[in-house]
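S.K.: The file below is start_29.csv, CSV, C-alpha atoms:
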chain,number,residue,atom,x,y,z
A,1,MET,CA,15.2,-18.3,8.2
A,2,ASN,CA,17.1,-15.7,10.0
A,3,PRO,CA,16.4,-15.7,13.8
A,4,GLN,CA,15.9,-11.9,13.8
A,5,ILE,CA,13.3,-12.2,11.0
A,6,ASP,CA,11.6,-15.1,13.0
A,7,GLN,CA,11.4,-12.9,16.1
A,8,LEU,CA,10.1,-9.9,14.2
A,9,GLN,CA,7.4,-12.0,12.5
A,10,ALA,CA,6.4,-13.6,15.8
A,11,ALA,CA,6.1,-10.2,17.4
A,12,LEU,CA,3.6,-9.2,14.5
A,13,SER,CA,1.6,-12.4,14.6
A,14,ALA,CA,-1.2,-11.3,17.0
A,15,GLN,CA,-1.6,-7.9,15.3
A,16,ARG,CA,-1.7,-9.5,11.8
A,17,THR,CA,-4.3,-12.1,12.9
A,18,LYS,CA,-6.4,-9.3,14.4
A,19,LEU,CA,-6.1,-7.2,11.3
A,20,LEU,CA,-7.0,-10.0,8.9
A,21,ALA,CA,-10.1,-10.7,11.0
A,22,HIS,CA,-11.3,-7.1,10.9
A,23,PRO,CA,-15.1,-7.0,10.8
A,24,MET,CA,-14.9,-4.6,7.8
A,25,TYR,CA,-14.1,-7.4,5.4
A,26,ALA,CA,-17.4,-9.2,6.2
A,27,GLN,CA,-19.4,-6.0,5.4
A,28,ILE,CA,-18.2,-5.7,1.8
A,29,HIS,CA,-20.6,-7.4,-0.6
A,30,SER,CA,-21.8,-5.0,-3.3
A,31,SER,CA,-20.3,-2.4,-5.7
A,32,THR,CA,-21.6,0.3,-3.4
A,33,ASP,CA,-19.5,-1.2,-0.5
A,34,PHE,CA,-16.5,-1.4,-2.8
A,35,GLN,CA,-16.9,2.3,-3.6
A,36,VAL,CA,-16.7,3.2,0.1
A,37,PHE,CA,-13.7,1.0,0.5
A,38,MET,CA,-11.8,2.3,-2.5
A,39,GLU,CA,-12.4,5.9,-1.7
A,40,GLN,CA,-10.3,5.5,1.4
A,41,HIS,CA,-7.9,2.8,0.3
A,42,ILE,CA,-6.8,4.8,-2.7
A,43,PHE,CA,-4.7,6.9,-0.4
A,44,ALA,CA,-2.8,3.7,0.8
A,45,VAL,CA,-2.3,2.8,-2.9
A,46,TRP,CA,-0.9,6.3,-3.5
A,47,ASP,CA,1.4,6.7,-0.5
A,48,PHE,CA,2.8,3.2,-1.2
A,49,MET,CA,4.5,4.7,-4.3
A,50,SER,CA,6.4,7.3,-2.2
A,51,LEU,CA,7.4,4.5,0.2
A,52,LEU,CA,8.8,2.5,-2.7
A,53,LYS,CA,10.6,5.5,-4.2
A,54,ALA,CA,12.2,6.2,-0.8
A,55,LEU,CA,13.6,2.7,-0.9
A,56,GLN,CA,14.8,3.1,-4.5
A,57,ARG,CA,16.5,6.4,-3.6
A,58,ASN,CA,18.3,4.7,-0.7
A,59,LEU,CA,19.2,1.3,-2.2
A,60,THR,CA,20.0,2.2,-5.8
A,61,CYS,CA,21.9,5.0,-7.5
A,62,VAL,CA,19.7,7.8,-8.8
A,63,GLU,CA,22.4,10.3,-9.0
A,64,VAL,CA,24.6,11.5,-11.9
A,65,PRO,CA,27.4,10.5,-12.4
A,66,TRP,CA,26.2,6.9,-11.7
A,67,ALA,CA,28.1,4.4,-9.5
A,68,PRO,CA,27.0,1.0,-8.3
A,69,LYS,CA,25.4,1.2,-4.9
A,70,GLY,CA,24.4,-1.5,-2.3
A,71,SER,CA,23.6,-5.1,-3.0
A,72,PRO,CA,23.0,-6.1,-6.7
A,73,VAL,CA,20.2,-8.5,-5.6
A,74,THR,CA,18.5,-5.8,-3.6
A,75,ARG,CA,18.9,-3.3,-6.4
A,76,ARG,CA,17.3,-5.7,-8.8
A,77,PHE,CA,14.4,-6.4,-6.4
A,78,ILE,CA,13.6,-2.7,-5.9
A,79,ASN,CA,13.9,-1.9,-9.6
A,80,GLU,CA,11.7,-4.8,-10.5
A,81,ILE,CA,9.0,-3.6,-8.1
A,82,VAL,CA,9.3,0.0,-9.4
A,83,LEU,CA,8.9,-1.3,-13.0
A,84,GLY,CA,5.8,-3.2,-12.1
A,85,GLU,CA,4.2,-0.5,-9.9
A,86,GLU,CA,4.9,2.4,-12.3
A,87,SER,CA,4.7,0.6,-15.7
A,88,ASP,CA,2.6,-2.5,-15.5
A,89,LEU,CA,0.2,-3.7,-18.2
A,90,ASP,CA,-3.5,-3.4,-17.5
A,91,LYS,CA,-6.2,-5.9,-18.5
A,92,ASP,CA,-6.2,-4.5,-22.1
A,93,GLY,CA,-2.4,-4.5,-22.4
A,94,LYS,CA,-2.1,-0.7,-21.8
A,95,VAL,CA,0.9,0.5,-19.8
A,96,LEU,CA,-0.2,2.1,-16.5
A,97,SER,CA,1.0,2.4,-13.0
A,98,HIS,CA,-1.0,0.4,-10.4
A,99,PHE,CA,-2.2,3.7,-9.0
A,100,GLU,CA,-3.6,4.7,-12.3
A,101,MET,CA,-5.2,1.2,-12.7
A,102,TYR,CA,-6.8,1.7,-9.3
A,103,LEU,CA,-8.2,5.1,-10.3
A,104,GLU,CA,-9.7,3.6,-13.5
A,105,ALA,CA,-11.2,0.8,-11.5
A,106,MET,CA,-12.7,3.5,-9.1
A,107,GLN,CA,-14.1,5.4,-12.0
A,108,GLN,CA,-15.6,2.3,-13.6
A,109,ILE,CA,-17.3,1.2,-10.3
A,110,GLY,CA,-18.6,4.7,-9.6
A,111,ALA,CA,-16.4,5.6,-6.7
A,112,ASN,CA,-15.5,9.3,-5.9
A,113,THR,CA,-12.0,10.1,-7.1
A,114,LEU,CA,-12.2,13.8,-6.4
A,115,PRO,CA,-10.3,13.8,-3.0
A,116,ILE,CA,-7.3,11.9,-4.4
A,117,HIS,CA,-7.1,14.1,-7.5
A,118,GLN,CA,-7.3,17.1,-5.2
A,119,LEU,CA,-4.4,15.8,-3.2
A,120,THR,CA,-2.1,15.2,-6.1
A,121,GLU,CA,-3.1,18.5,-7.7
A,122,TRP,CA,-2.6,20.6,-4.6
A,123,LEU,CA,0.8,19.0,-4.0
A,124,SER,CA,1.8,19.9,-7.6
A,125,TYR,CA,0.8,23.5,-6.8
A,126,GLY,CA,3.2,23.6,-3.8
A,127,LYS,CA,0.9,22.8,-0.9
A,128,THR,CA,2.6,20.8,1.8
A,129,LEU,CA,1.2,17.3,2.5
A,130,ASP,CA,-0.1,18.4,5.8
A,131,GLU,CA,-1.9,21.3,4.3
A,132,ALA,CA,-3.4,19.2,1.6
A,133,LEU,CA,-4.5,16.4,3.9
A,134,TYR,CA,-6.1,18.9,6.3
A,135,GLN,CA,-8.3,20.3,3.5
A,136,LEU,CA,-9.5,17.0,2.1
A,137,GLU,CA,-12.9,15.5,2.9
A,138,ILE,CA,-11.6,12.1,3.9
A,139,ARG,CA,-11.7,10.0,7.1
A,140,GLU,CA,-9.4,11.1,9.9
A,141,GLU,CA,-8.1,7.5,10.0
A,142,THR,CA,-7.0,7.9,6.4
A,143,ARG,CA,-5.2,11.1,7.1
A,144,ALA,CA,-3.4,9.5,10.0
A,145,PHE,CA,-2.4,6.5,7.8
A,146,VAL,CA,-0.8,8.7,5.2
A,147,ARG,CA,0.9,10.9,7.8
A,148,PHE,CA,2.5,7.9,9.5
A,149,THR,CA,3.8,6.7,6.1
A,150,PHE,CA,5.5,10.0,5.5
A,151,GLU,CA,6.7,10.3,9.0
A,152,ILE,CA,8.7,7.1,8.5
A,153,ILE,CA,9.9,8.2,5.0
A,154,ASN,CA,11.0,11.6,6.3
A,155,SER,CA,12.9,10.0,9.2
A,156,GLY,CA,15.5,9.0,6.6
A,157,GLN,CA,16.1,5.8,8.5
A,158,LEU,CA,16.4,3.0,6.0
A,159,HIS,CA,15.6,0.1,8.3
A,160,LYS,CA,12.3,1.8,9.3
A,161,ILE,CA,11.3,2.5,5.7
A,162,ALA,CA,12.2,-1.1,4.7
A,163,ALA,CA,10.3,-2.5,7.7
A,164,LEU,CA,7.2,-0.5,6.8
A,165,PHE,CA,7.4,-1.7,3.2
A,166,THR,CA,8.1,-5.3,4.1
A,167,PHE,CA,5.8,-5.9,7.0
A,168,GLY,CA,3.2,-3.1,6.9
A,169,ARG,CA,2.0,-3.1,3.4
A,170,GLU,CA,1.9,-6.6,1.8
A,171,ASP,CA,-0.8,-9.3,1.8
A,172,LEU,CA,-3.4,-7.3,3.7
A,173,ILE,CA,-6.1,-7.4,1.1
A,174,PRO,CA,-7.6,-10.9,1.3
A,175,ASP,CA,-8.4,-13.3,-1.5
A,176,MET,CA,-12.0,-13.2,-0.4
A,177,PHE,CA,-12.4,-9.8,-2.2
A,178,ILE,CA,-11.7,-11.6,-5.5
A,179,GLU,CA,-14.2,-14.3,-4.7
A,180,ILE,CA,-16.9,-11.6,-4.0
A,181,LEU,CA,-16.1,-9.8,-7.3
A,182,ARG,CA,-16.2,-13.1,-9.3
A,183,GLU,CA,-19.6,-13.9,-7.8
A,184,MET,CA,-20.8,-10.4,-8.7
A,185,GLN,CA,-19.5,-10.9,-12.2
A,186,SER,CA,-21.3,-14.2,-12.5
A,187,GLN,CA,-24.5,-12.4,-11.7
A,188,GLY,CA,-24.0,-10.1,-14.6
A,189,GLN,CA,-22.3,-7.1,-13.0
A,190,THR,CA,-20.0,-5.6,-15.7
A,191,ASN,CA,-18.4,-2.6,-13.9
A,192,ILE,CA,-16.0,-4.5,-11.8
A,193,ASP,CA,-13.6,-6.1,-14.2
A,194,LYS,CA,-10.9,-3.5,-13.7
A,195,LEU,CA,-11.0,-3.8,-9.9
A,196,LEU,CA,-10.9,-7.6,-10.2
A,197,TYR,CA,-7.9,-7.5,-12.5
A,198,TYR,CA,-6.1,-5.1,-10.2
A,199,LEU,CA,-6.6,-7.3,-7.2
A,200,GLU,CA,-5.7,-10.5,-9.1
A,201,ARG,CA,-2.5,-8.8,-10.4
A,202,HIS,CA,-1.7,-7.5,-6.9
A,203,ILE,CA,-1.9,-10.9,-5.3
A,204,GLU,CA,0.0,-12.5,-8.2
A,205,ILE,CA,2.9,-10.1,-7.8
A,206,ASP,CA,3.0,-10.3,-4.1
A,207,GLY,CA,2.9,-14.1,-4.2
A,208,GLY,CA,6.0,-14.4,-6.3
A,209,ASP,CA,9.6,-13.6,-5.3
A,210,HIS,CA,8.9,-10.3,-3.6
A,211,GLY,CA,8.3,-11.7,-0.1
A,212,PRO,CA,11.5,-13.7,0.2
A,213,ILE,CA,13.6,-11.0,-1.4
A,214,SER,CA,12.1,-8.3,0.9
A,215,LEU,CA,13.1,-10.4,3.9
A,216,GLN,CA,16.6,-10.6,2.5
A,217,MET,CA,16.6,-6.9,2.0
A,218,MET,CA,15.7,-6.5,5.7
A,219,GLN,CA,18.6,-8.8,6.7
A,220,GLU,CA,21.1,-6.8,4.6
A,221,ILE,CA,19.9,-3.4,6.1
A,222,CYS,CA,19.6,-4.5,9.7
A,223,GLY,CA,22.5,-7.0,9.8
A,224,SER,CA,23.3,-7.8,13.5
A,225,ASP,CA,22.3,-4.4,14.8
A,226,ALA,CA,19.8,-5.3,17.7
A,227,ILE,CA,18.6,-1.7,17.9
A,228,LYS,CA,17.7,-1.6,14.2
A,229,TRP,CA,15.8,-4.9,14.5
A,230,GLN,CA,13.9,-3.5,17.6
A,231,GLU,CA,13.0,-0.3,15.8
A,232,ALA,CA,12.0,-2.2,12.7
A,233,THR,CA,9.7,-4.3,14.9
A,234,GLU,CA,8.1,-1.2,16.5
A,235,VAL,CA,7.5,0.4,13.2
A,236,SER,CA,5.9,-2.7,11.8
A,237,ILE,CA,3.6,-3.0,14.7
A,238,GLN,CA,2.6,0.6,14.4
A,239,ALA,CA,2.0,0.1,10.7
A,240,LEU,CA,-0.4,-2.7,11.3
A,241,GLU,CA,-2.2,-0.6,14.0
A,242,LYS,CA,-2.6,2.2,11.5
A,243,ARG,CA,-4.0,-0.2,8.9
A,244,TYR,CA,-6.5,-1.5,11.4
A,245,ALA,CA,-7.5,2.1,12.2
A,246,LEU,CA,-7.9,2.7,8.4
A,247,TRP,CA,-10.2,-0.3,8.2
A,248,ASP,CA,-12.1,1.1,11.2
A,249,GLY,CA,-12.7,4.3,9.2
A,250,VAL,CA,-13.9,2.3,6.2
A,251,GLN,CA,-16.3,0.3,8.5
A,252,ALA,CA,-17.7,3.5,10.0
A,253,LYS,CA,-18.4,4.8,6.4
A,254,LEU,CA,-20.1,1.5,5.5
A,255,ASN,CA,-22.2,1.7,8.7
A,256,SER,CA,-23.3,5.3,7.9
A,257,LYS,CA,-24.0,4.9,4.1
Could I get this structure in the form of structure tokens?
M.R.:
Amino acid sequence: MNPQIDQLQAALSAQRTKLLAHPMYAQIHSSTDFQVFMEQHIFAVWDFMSLLKALQRNLTCVEVPWAPKGSPVTRRFINEIVLGEESDLDKDGKVLSHFEMYLEAMQQIGANTLPIHQLTEWLSYGKTLDEALYQLEIREETRAFVRFTFEIINSGQLHKIAALFTFGREDLIPDMFIEILREMQSQGQTNIDKLLYYLERHIEIDGGDHGPISLQMMQEICGSDAIKWQEATEVSIQALEKRYALWDGVQAKLNSK
């Protein structure tokens, strides 16, 4: 392993441990609990796509005329993720993005999809992201999470975008959710199979080559630049803090329902 990667991951260790021990996880047991969770988490599912597209824009050629750009290995990695995220197969073999799969799972379980639909509709009508977020009836922690994502994207600094993608967004939904859903299914609950498939698919994809290749991507982007590694570390820590705050917001909703 690269020493800079080792140092970065060591710097994140305490925050990751704290995040994965968030008390919110232990409060999710029923379909109603999952509704509350999904109504806020959908915004993280949505803004992940813009984060991925920012990487694709920077690491591959999306211009005409085309020319090879960057590392072929990194190009393949990013394009494979885009293919899977935008055009995966759902449990019935239908082509859907993971965002659309999540929306269908929300609808099946009875979660409120109005705010996320309002966001995408208002943006298509020309509202700015800040205007749209301000008008949505969502938790302030959720707004802050999305704003931070776009703050990093809009910085145009590739090492920060890659750090947020690599260290701030993966492996943060635990396997225990799948076990809870399977138990619910064994008890005869039938409106959770789409969410179960989404989570199983998410963990399957993240558990493959994506982790090692994303670390290789970080090495190629940061190289031996100590400032880039330091800034990548700072962004990654901030990302985990924003995720913890997002879970705080979900927990507050669970406590008030």
S.K.: Can I get the residues of region 36-63 of chain A within 12 Å of region 122-142 of chain A, each with the closest pair of atoms and their distance in Å to one decimal, using all atoms listed in the file, sorted chain first then ascending number, as JSON lines?
M.R.:
{"residue": "A:Val36", "atom": "CA", "partner": "A:Ile138", "partner_atom": "CA", "distance": 10.9}
{"residue": "A:Phe37", "atom": "CA", "partner": "A:Thr142", "partner_atom": "CA", "distance": 11.3}
{"residue": "A:Met38", "atom": "CA", "partner": "A:Thr142", "partner_atom": "CA", "distance": 11.6}
{"residue": "A:Glu39", "atom": "CA", "partner": "A:Ile138", "partner_atom": "CA", "distance": 8.4}
{"residue": "A:Gln40", "atom": "CA", "partner": "A:Thr142", "partner_atom": "CA", "distance": 6.5}
{"residue": "A:His41", "atom": "CA", "partner": "A:Thr142", "partner_atom": "CA", "distance": 8.0}
{"residue": "A:Ile42", "atom": "CA", "partner": "A:Thr142", "partner_atom": "CA", "distance": 9.6}
{"residue": "A:Phe43", "atom": "CA", "partner": "A:Thr142", "partner_atom": "CA", "distance": 7.2}
{"residue": "A:Ala44", "atom": "CA", "partner": "A:Thr142", "partner_atom": "CA", "distance": 8.2}
{"residue": "A:Val45", "atom": "CA", "partner": "A:Thr142", "partner_atom": "CA", "distance": 11.6}
{"residue": "A:Trp46", "atom": "CA", "partner": "A:Thr142", "partner_atom": "CA", "distance": 11.7}
{"residue": "A:Asp47", "atom": "CA", "partner": "A:Thr142", "partner_atom": "CA", "distance": 10.9}
S.K.: Generate a file of the selected residues that holds C-alpha atoms, formatted as a tab-separated table (two decimals), keeping the file's coordinate frame.
M.R.:
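The resulting file, again13.tsv, is shown below:
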chain	number	residue	atom	x	y	z
A	36	VAL	CA	-16.70	3.20	0.10
A	37	PHE	CA	-13.70	1.00	0.50
A	38	MET	CA	-11.80	2.30	-2.50
A	39	GLU	CA	-12.40	5.90	-1.70
A	40	GLN	CA	-10.30	5.50	1.40
A	41	HIS	CA	-7.90	2.80	0.30
A	42	ILE	CA	-6.80	4.80	-2.70
A	43	PHE	CA	-4.70	6.90	-0.40
A	44	ALA	CA	-2.80	3.70	0.80
A	45	VAL	CA	-2.30	2.80	-2.90
A	46	TRP	CA	-0.90	6.30	-3.50
A	47	ASP	CA	1.40	6.70	-0.50
S.K.: Between CA of Met49 (chain A) and CA of Glu86 (chain A), what is the spacing in Å?
M.R.: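 Distance between the two atoms: 8.3 Å.
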S.K.: Contacts of Ser236 (chain A) at 9 Å or less, counting only C-alpha atoms, minus same-chain residues fewer than 3 places along, as a short mmCIF file (atom, residue, chain, number, x, y, z; two decimals) with C-alpha atoms, in the frame of the given file?
M.R.:
data_model
loop_
_atom_site.label_atom_id
_atom_site.label_comp_id
_atom_site.auth_asym_id
_atom_site.auth_seq_id
_atom_site.Cartn_x
_atom_site.Cartn_y
_atom_site.Cartn_z
CA LEU A 8 10.10 -9.90 14.20
CA LEU A 12 3.60 -9.20 14.50
CA LYS A 160 12.30 1.80 9.30
CA ALA A 163 10.30 -2.50 7.70
CA LEU A 164 7.20 -0.50 6.80
CA PHE A 165 7.40 -1.70 3.20
CA THR A 166 8.10 -5.30 4.10
CA PHE A 167 5.80 -5.90 7.00
CA GLY A 168 3.20 -3.10 6.90
CA GLU A 231 13.00 -0.30 15.80
CA ALA A 232 12.00 -2.20 12.70
CA THR A 233 9.70 -4.30 14.90
CA ALA A 239 2.00 0.10 10.70
CA LEU A 240 -0.40 -2.70 11.30
CA GLU A 241 -2.20 -0.60 14.00
#
S.K.: Between A:Arg143, A:His22, A:Lys257, A:Arg169, which has the minimum distance to Gln238 (chain A) (counting all atoms listed in the file)?
M.R.: A:Arg169
S.K.: Excluding His159 (chain A) and its own-chain neighbours fewer than 2 positions away, which residues fall within 7 Å of it when counting only C-alpha atoms? Please give them as number ranges by chain.
M.R.: A: 157, 161-163, 221-222, 228, 232
S.K.: What is the distance, in Å and to one decimal place, between CA of Gly93 (chain A) and CA of Ile109 (chain A)?
M.R.: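 Rounded to one decimal, the two atoms are 20.0 Å apart.
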S.K.: Which residue gives the smallest distance to Ile205 (chain A) among A:Glu85, A:Thr190, A:Ala10, A:Gln4, with all atoms listed in the file counted?
M.R.: A:Glu85
S.K.: In the coordinates of the file, take the point (-19.6, -3.1, -6.0) and a cut-off of 10 Å; then, counting all atoms listed in the file, name each qualifying protein, DNA or RNA residue as an MDAnalysis selection string.
M.R.: chainID A and resid 28:37 109:111 180:181 184:185 189 191:192 195
S.K.: The selected residues should be written to file as a compact mmCIF listing (two decimals), keeping the file's coordinate frame (atoms: C-alpha atoms).
M.R.:
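The result, stored in result_3.txt:
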# COMPACT_ATOMS: atom_id res chain seq x y z
CA ILE A 28 -18.20 -5.70 1.80
CA HIS A 29 -20.60 -7.40 -0.60
CA SER A 30 -21.80 -5.00 -3.30
CA SER A 31 -20.30 -2.40 -5.70
CA THR A 32 -21.60 0.30 -3.40
CA ASP A 33 -19.50 -1.20 -0.50
CA PHE A 34 -16.50 -1.40 -2.80
CA GLN A 35 -16.90 2.30 -3.60
CA VAL A 36 -16.70 3.20 0.10
CA PHE A 37 -13.70 1.00 0.50
CA ILE A 109 -17.30 1.20 -10.30
CA GLY A 110 -18.60 4.70 -9.60
CA ALA A 111 -16.40 5.60 -6.70
CA ILE A 180 -16.90 -11.60 -4.00
CA LEU A 181 -16.10 -9.80 -7.30
CA MET A 184 -20.80 -10.40 -8.70
CA GLN A 185 -19.50 -10.90 -12.20
CA GLN A 189 -22.30 -7.10 -13.00
CA ASN A 191 -18.40 -2.60 -13.90
CA ILE A 192 -16.00 -4.50 -11.80
CA LEU A 195 -11.00 -3.80 -9.90
S.K.: Please provide as a PyMOL selection string all residues within 9 Å of region 58-74 of chain A, with the sequence filter that same-chain residues fewer than 4 positions apart are discarded (counting only C-alpha atoms).
M.R.: chain A and resi 53-54+78-79+156+158+213-214+216-217+220
